[in-house]
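Read the structure below first, then the notes.
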Amino acid sequence: MIKLIKETATYLQEKGFESPEVGIILGTGLGQLIDDVKILHEVSYNHIPNFPTATVEFHKGKLIYGNLEGKKVVVMQGRFHVYEGYSLQDVTFPVRIMERLGIQTLLVSNAAGAINLNFKKGDLMLIDDHINLQGSSPLAFNGVEHLGNRFTDMSQPYDPEINAKFEAIAKKHSITLHKGVYASVVGPQLETRAEYRMLKTIGADAVGMSTVPEIIVAKHLGLKAAAISVLTDECDPDNLQPIVVEDIIATAEKAEHKMVKLFKELISHI
C-alpha cells in the first residue's frame, strides 16, 4: 500500500498537483462546485496509476486541482463505491493520495434518502455521526498500522469546529441545514420497507451508499473531515413509492446550489 501511494502521489505531483490544502469529494448529481474552481490541472481516473475507475454512469471520473476561494483544492469529480465491485481499500485509496499530496481538511458530499420524516426532499443534512453498515472496515488490512493508528478513535468522526461553521453559514444565508446520523449501506439496490424501519430504529436520519469509508480513513490519517448530504427522497415505509434514480439525481442537482454556497464560504474561512 505504501509503495502504491508513493507511486500515485508522485505521478500527480509531476502533473502539477502541488500542496493542496483541502480535498473535496463530490457525490451523485453534485458536480456544480467544479464551475467555481479555477482549474489548473485535471486527470481522468483511468490515467492515474493504481486508481480505480468510476463505473457509474453519472459519476464523471476526474481528479481536479485548482483554486477555490483562495485555497488550493483537489476535487474528486465522482467517487467509488463498494457496490461497483471495489474493496473498501480501493474506495478510500484516493483519500490516502490526497493526504499524501498535502490536504489537511476533507469535505464530502453525497445524495441520501431521508429516514427522519421531519426532513424533506431537497433539504440538506450536516452529518454529525454515522453508522457503518458496509460489512467491514477500510482499515482491515495487513500493514495498516504503518499508515496510522490501527485502532482509530471515532468518538467525533466529523470535526465539531467545521460543523459549527457550516451551521453558522447556513443560518446566515437562511439555508435549512438539519443535523443527523448517516447510515452507510452497500447497495446498489435501494432499501425495503422493513429495512427503512430498521434504520430508523437504530438511530439513522439518512441513508446512502458512500462517505463513511472515506471519513474513517480521513480520521485514520488525522485529517479534519466534514460531510453534507443532499436529501433526495423521503423514505416513509408506510407510504413508500418506487424510486427512479433519475429523479434522485434531478433533486440533487436542484438543491446543490445550497451546498455549493456552504462549501465555498467554509473554504474561504479555513
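We name chains A, B, ... following the order of the C-alpha cells; residues begin at 1 in each chain, and ligands are numbered from 1 as shown.
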
Using only C-alpha atoms, what table do you get, as JSON lines, when you list each residue of region 49-89 of chain A with an atom no more than 6 Å from region 3-23 of chain A, its nearest pair of atoms, and their distance in Å rounded to one decimal, rows by chain then rising number?
```
{"residue": "A:Pro49", "atom": "CA", "partner": "A:Thr8", "partner_atom": "CA", "distance": 5.5}
{"residue": "A:Lys72", "atom": "CA", "partner": "A:Pro20", "partner_atom": "CA", "distance": 4.7}
{"residue": "A:Val73", "atom": "CA", "partner": "A:Val22", "partner_atom": "CA", "distance": 4.8}
{"residue": "A:Val74", "atom": "CA", "partner": "A:Gly23", "partner_atom": "CA", "distance": 5.0}
{"residue": "A:Val75", "atom": "CA", "partner": "A:Gly23", "partner_atom": "CA", "distance": 5.9}
```

Could you take the residues named above and write them with C-alpha atoms, as an mmCIF file, in the first residue's frame?
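Now in part27.cif:
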```cif
data_model
loop_
_atom_site.group_PDB
_atom_site.id
_atom_site.type_symbol
_atom_site.label_atom_id
_atom_site.label_comp_id
_atom_site.auth_asym_id
_atom_site.auth_seq_id
_atom_site.Cartn_x
_atom_site.Cartn_y
_atom_site.Cartn_z
ATOM 1 C CA PRO A 49 -1.606 4.802 -11.648
ATOM 2 C CA LYS A 72 -5.601 25.185 -3.351
ATOM 3 C CA VAL A 73 -8.041 22.295 -3.623
ATOM 4 C CA VAL A 74 -8.081 18.814 -5.078
ATOM 5 C CA VAL A 75 -11.534 17.639 -6.103
#
```

Q. Can you tell me, as a ChimeraX atom specification, what residues are no more than 8 Å from Ala226 (chain A) when counting only C-alpha atoms, ignoring any on the same chain fewer than 6 positions away?
A. /A:106-108,127,158-159,162-163,215

Q) Nearest to Gly78 (chain A): which of A:Leu262, A:Phe119, A:Asp128, A:Ile34 is it, counting only C-alpha atoms? A)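 The shortest atom-to-atom distance to Gly78 (chain A) comes from A:Ile34.
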
Q: Compare A:Glu145, A:Ile115, A:Ser109, A:Lys200 by their minimum atom-to-atom distance to Ala225 (chain A), counting only C-alpha atoms, and give me the closest one.
A: A:Ser109

When DSSP is applied to the backbone of this structure, which of region 10-113 of chain A are assigned helix (DSSP H, G or I)? Write them out as a CSV table (one decimal) with N, CA and C atoms, in the first residue's frame.
```
chain,number,residue,atom,x,y,z
A,10,THR,N,3.4,10.6,-6.5
A,10,THR,CA,4.5,11.2,-7.3
A,10,THR,C,4.0,11.5,-8.8
A,11,TYR,N,3.2,10.6,-9.3
A,11,TYR,CA,2.6,10.9,-10.7
A,11,TYR,C,1.8,12.2,-10.7
A,12,LEU,N,1.0,12.4,-9.7
A,12,LEU,CA,0.1,13.6,-9.6
A,12,LEU,C,1.0,14.9,-9.3
A,13,GLN,N,2.0,14.7,-8.5
A,13,GLN,CA,2.8,15.9,-8.2
A,13,GLN,C,3.6,16.3,-9.5
A,14,GLU,N,4.0,15.3,-10.3
A,14,GLU,CA,4.6,15.6,-11.6
A,14,GLU,C,3.6,16.3,-12.6
A,32,GLN,N,-21.7,20.7,-9.5
A,32,GLN,CA,-21.7,22.2,-9.8
A,32,GLN,C,-20.6,22.9,-9.2
A,33,LEU,N,-20.0,22.4,-8.1
A,33,LEU,CA,-18.9,23.2,-7.4
A,33,LEU,C,-17.7,23.3,-8.4
A,34,ILE,N,-17.6,22.4,-9.3
A,34,ILE,CA,-16.5,22.5,-10.3
A,34,ILE,C,-16.5,23.8,-11.0
A,35,ASP,N,-17.7,24.3,-11.3
A,35,ASP,CA,-17.9,25.6,-12.0
A,35,ASP,C,-17.2,26.7,-11.4
A,36,ASP,N,-17.0,26.7,-10.0
A,36,ASP,CA,-16.4,27.7,-9.3
A,36,ASP,C,-14.9,27.5,-9.0
A,45,TYR,N,-9.4,9.5,-14.0
A,45,TYR,CA,-9.1,8.4,-13.1
A,45,TYR,C,-8.3,7.3,-13.8
A,46,ASN,N,-8.8,7.0,-15.1
A,46,ASN,CA,-8.2,5.9,-15.7
A,46,ASN,C,-6.8,6.1,-16.3
A,47,HIS,N,-6.3,7.4,-16.1
A,47,HIS,CA,-4.9,7.7,-16.4
A,47,HIS,C,-4.0,7.7,-15.2
A,82,VAL,N,-18.4,0.5,-2.9
A,82,VAL,CA,-18.3,-1.0,-2.8
A,82,VAL,C,-19.2,-1.7,-3.8
A,83,TYR,N,-20.4,-1.2,-4.1
A,83,TYR,CA,-21.3,-1.8,-5.0
A,83,TYR,C,-20.8,-1.9,-6.4
A,84,GLU,N,-19.7,-1.2,-6.7
A,84,GLU,CA,-19.1,-1.3,-8.1
A,84,GLU,C,-18.2,-2.5,-8.2
A,88,LEU,N,-13.1,-1.9,0.1
A,88,LEU,CA,-13.1,-0.7,0.9
A,88,LEU,C,-11.7,0.0,0.8
A,89,GLN,N,-10.6,-0.7,0.6
A,89,GLN,CA,-9.3,-0.1,0.4
A,89,GLN,C,-9.2,0.6,-0.9
A,90,ASP,N,-9.9,0.0,-2.0
A,90,ASP,CA,-9.9,0.7,-3.3
A,90,ASP,C,-10.7,2.0,-3.2
A,91,VAL,N,-11.9,1.9,-2.5
A,91,VAL,CA,-12.8,3.1,-2.4
A,91,VAL,C,-12.1,4.3,-1.7
A,92,THR,N,-11.3,4.0,-0.7
A,92,THR,CA,-10.7,5.0,0.1
A,92,THR,C,-9.2,5.4,-0.3
A,93,PHE,N,-8.7,4.7,-1.3
A,93,PHE,CA,-7.4,5.0,-1.8
A,93,PHE,C,-7.2,6.4,-2.2
A,94,PRO,N,-8.1,7.1,-2.9
A,94,PRO,CA,-8.0,8.5,-3.2
A,94,PRO,C,-7.8,9.4,-2.0
A,95,VAL,N,-8.4,9.1,-0.9
A,95,VAL,CA,-8.3,9.9,0.3
A,95,VAL,C,-6.8,9.8,0.8
A,96,ARG,N,-6.2,8.6,0.7
A,96,ARG,CA,-4.8,8.5,1.1
A,96,ARG,C,-3.9,9.3,0.2
A,97,ILE,N,-4.3,9.3,-1.1
A,97,ILE,CA,-3.5,10.1,-2.0
A,97,ILE,C,-3.6,11.6,-1.8
A,98,MET,N,-4.8,12.1,-1.5
A,98,MET,CA,-5.0,13.5,-1.2
A,98,MET,C,-4.2,13.9,0.0
A,99,GLU,N,-4.2,13.0,1.0
A,99,GLU,CA,-3.5,13.3,2.2
A,99,GLU,C,-2.0,13.4,1.9
A,100,ARG,N,-1.5,12.5,1.1
A,100,ARG,CA,-0.1,12.4,0.8
A,100,ARG,C,0.3,13.7,0.0
A,101,LEU,N,-0.6,14.2,-0.8
A,101,LEU,CA,-0.4,15.4,-1.6
A,101,LEU,C,-0.3,16.7,-0.7
```

Q: Could you give me, as a PyMOL selection string, each residue of region 63-241 of chain A that DSSP assigns to strand (DSSP E or B) when run on this structure's backbone?
A: chain A and resi 63-68+71-77+105-114+124-133+177-185+206-208+224-234

**Q.** Distance criterion (only C-alpha atoms): nearest to Ser137 (chain A) out of A:Gly61, A:Pro237, A:Pro213, A:Gly102
**A.** A:Pro213

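Remark: for Ala250 (chain A), the closest of the candidate residues A:His146, A:Lys121, A:Lys171, A:His220 is A:Lys121 (distances computed over only C-alpha atoms).
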
(Q) I need the residue nearest Ile249 (chain A) from this list: A:Lys179, A:Tyr196, A:Val230, A:Thr201. Use only C-alpha atoms for the distance. (A)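 Residue with the minimum atom-to-atom distance to Ile249 (chain A): A:Val230.
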
Q | Using only C-alpha atoms: which of A:Val207, A:Leu190, A:Ala227, A:Met198 has the shortest distance to Ile243 (chain A) | A |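 Counting only C-alpha atoms, the residue closest to Ile243 (chain A) is A:Leu190.
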
Between region 44-124 of chain A and region 244-248 of chain A, at 10 Å or less, what are the per-residue closest atom pairs and their distances in Å? Count only C-alpha atoms, order by chain and rising residue number, and return it as CSV.
```
residue,atom,partner,partner_atom,distance
A:Phe58,CA,A:Glu246,CA,9.6
A:Ala111,CA,A:Ile248,CA,7.8
A:Ala112,CA,A:Ile248,CA,8.8
A:Gly113,CA,A:Ile248,CA,9.0
A:Lys121,CA,A:Ile248,CA,9.5
A:Gly122,CA,A:Ile248,CA,9.7
```

Q) So which residues touch Arg150 (chain A) within 12 Å, counting only C-alpha atoms, skipping near sequence neighbours fewer than 5 positions away, as a list in words? A)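 The residues that qualify are Ser137, Pro138, Leu139, Ala140, Phe141, Asn142, Gly143, Val144, Glu145, Ile216, Val217, Lys219, His220 and Leu221 of chain A.
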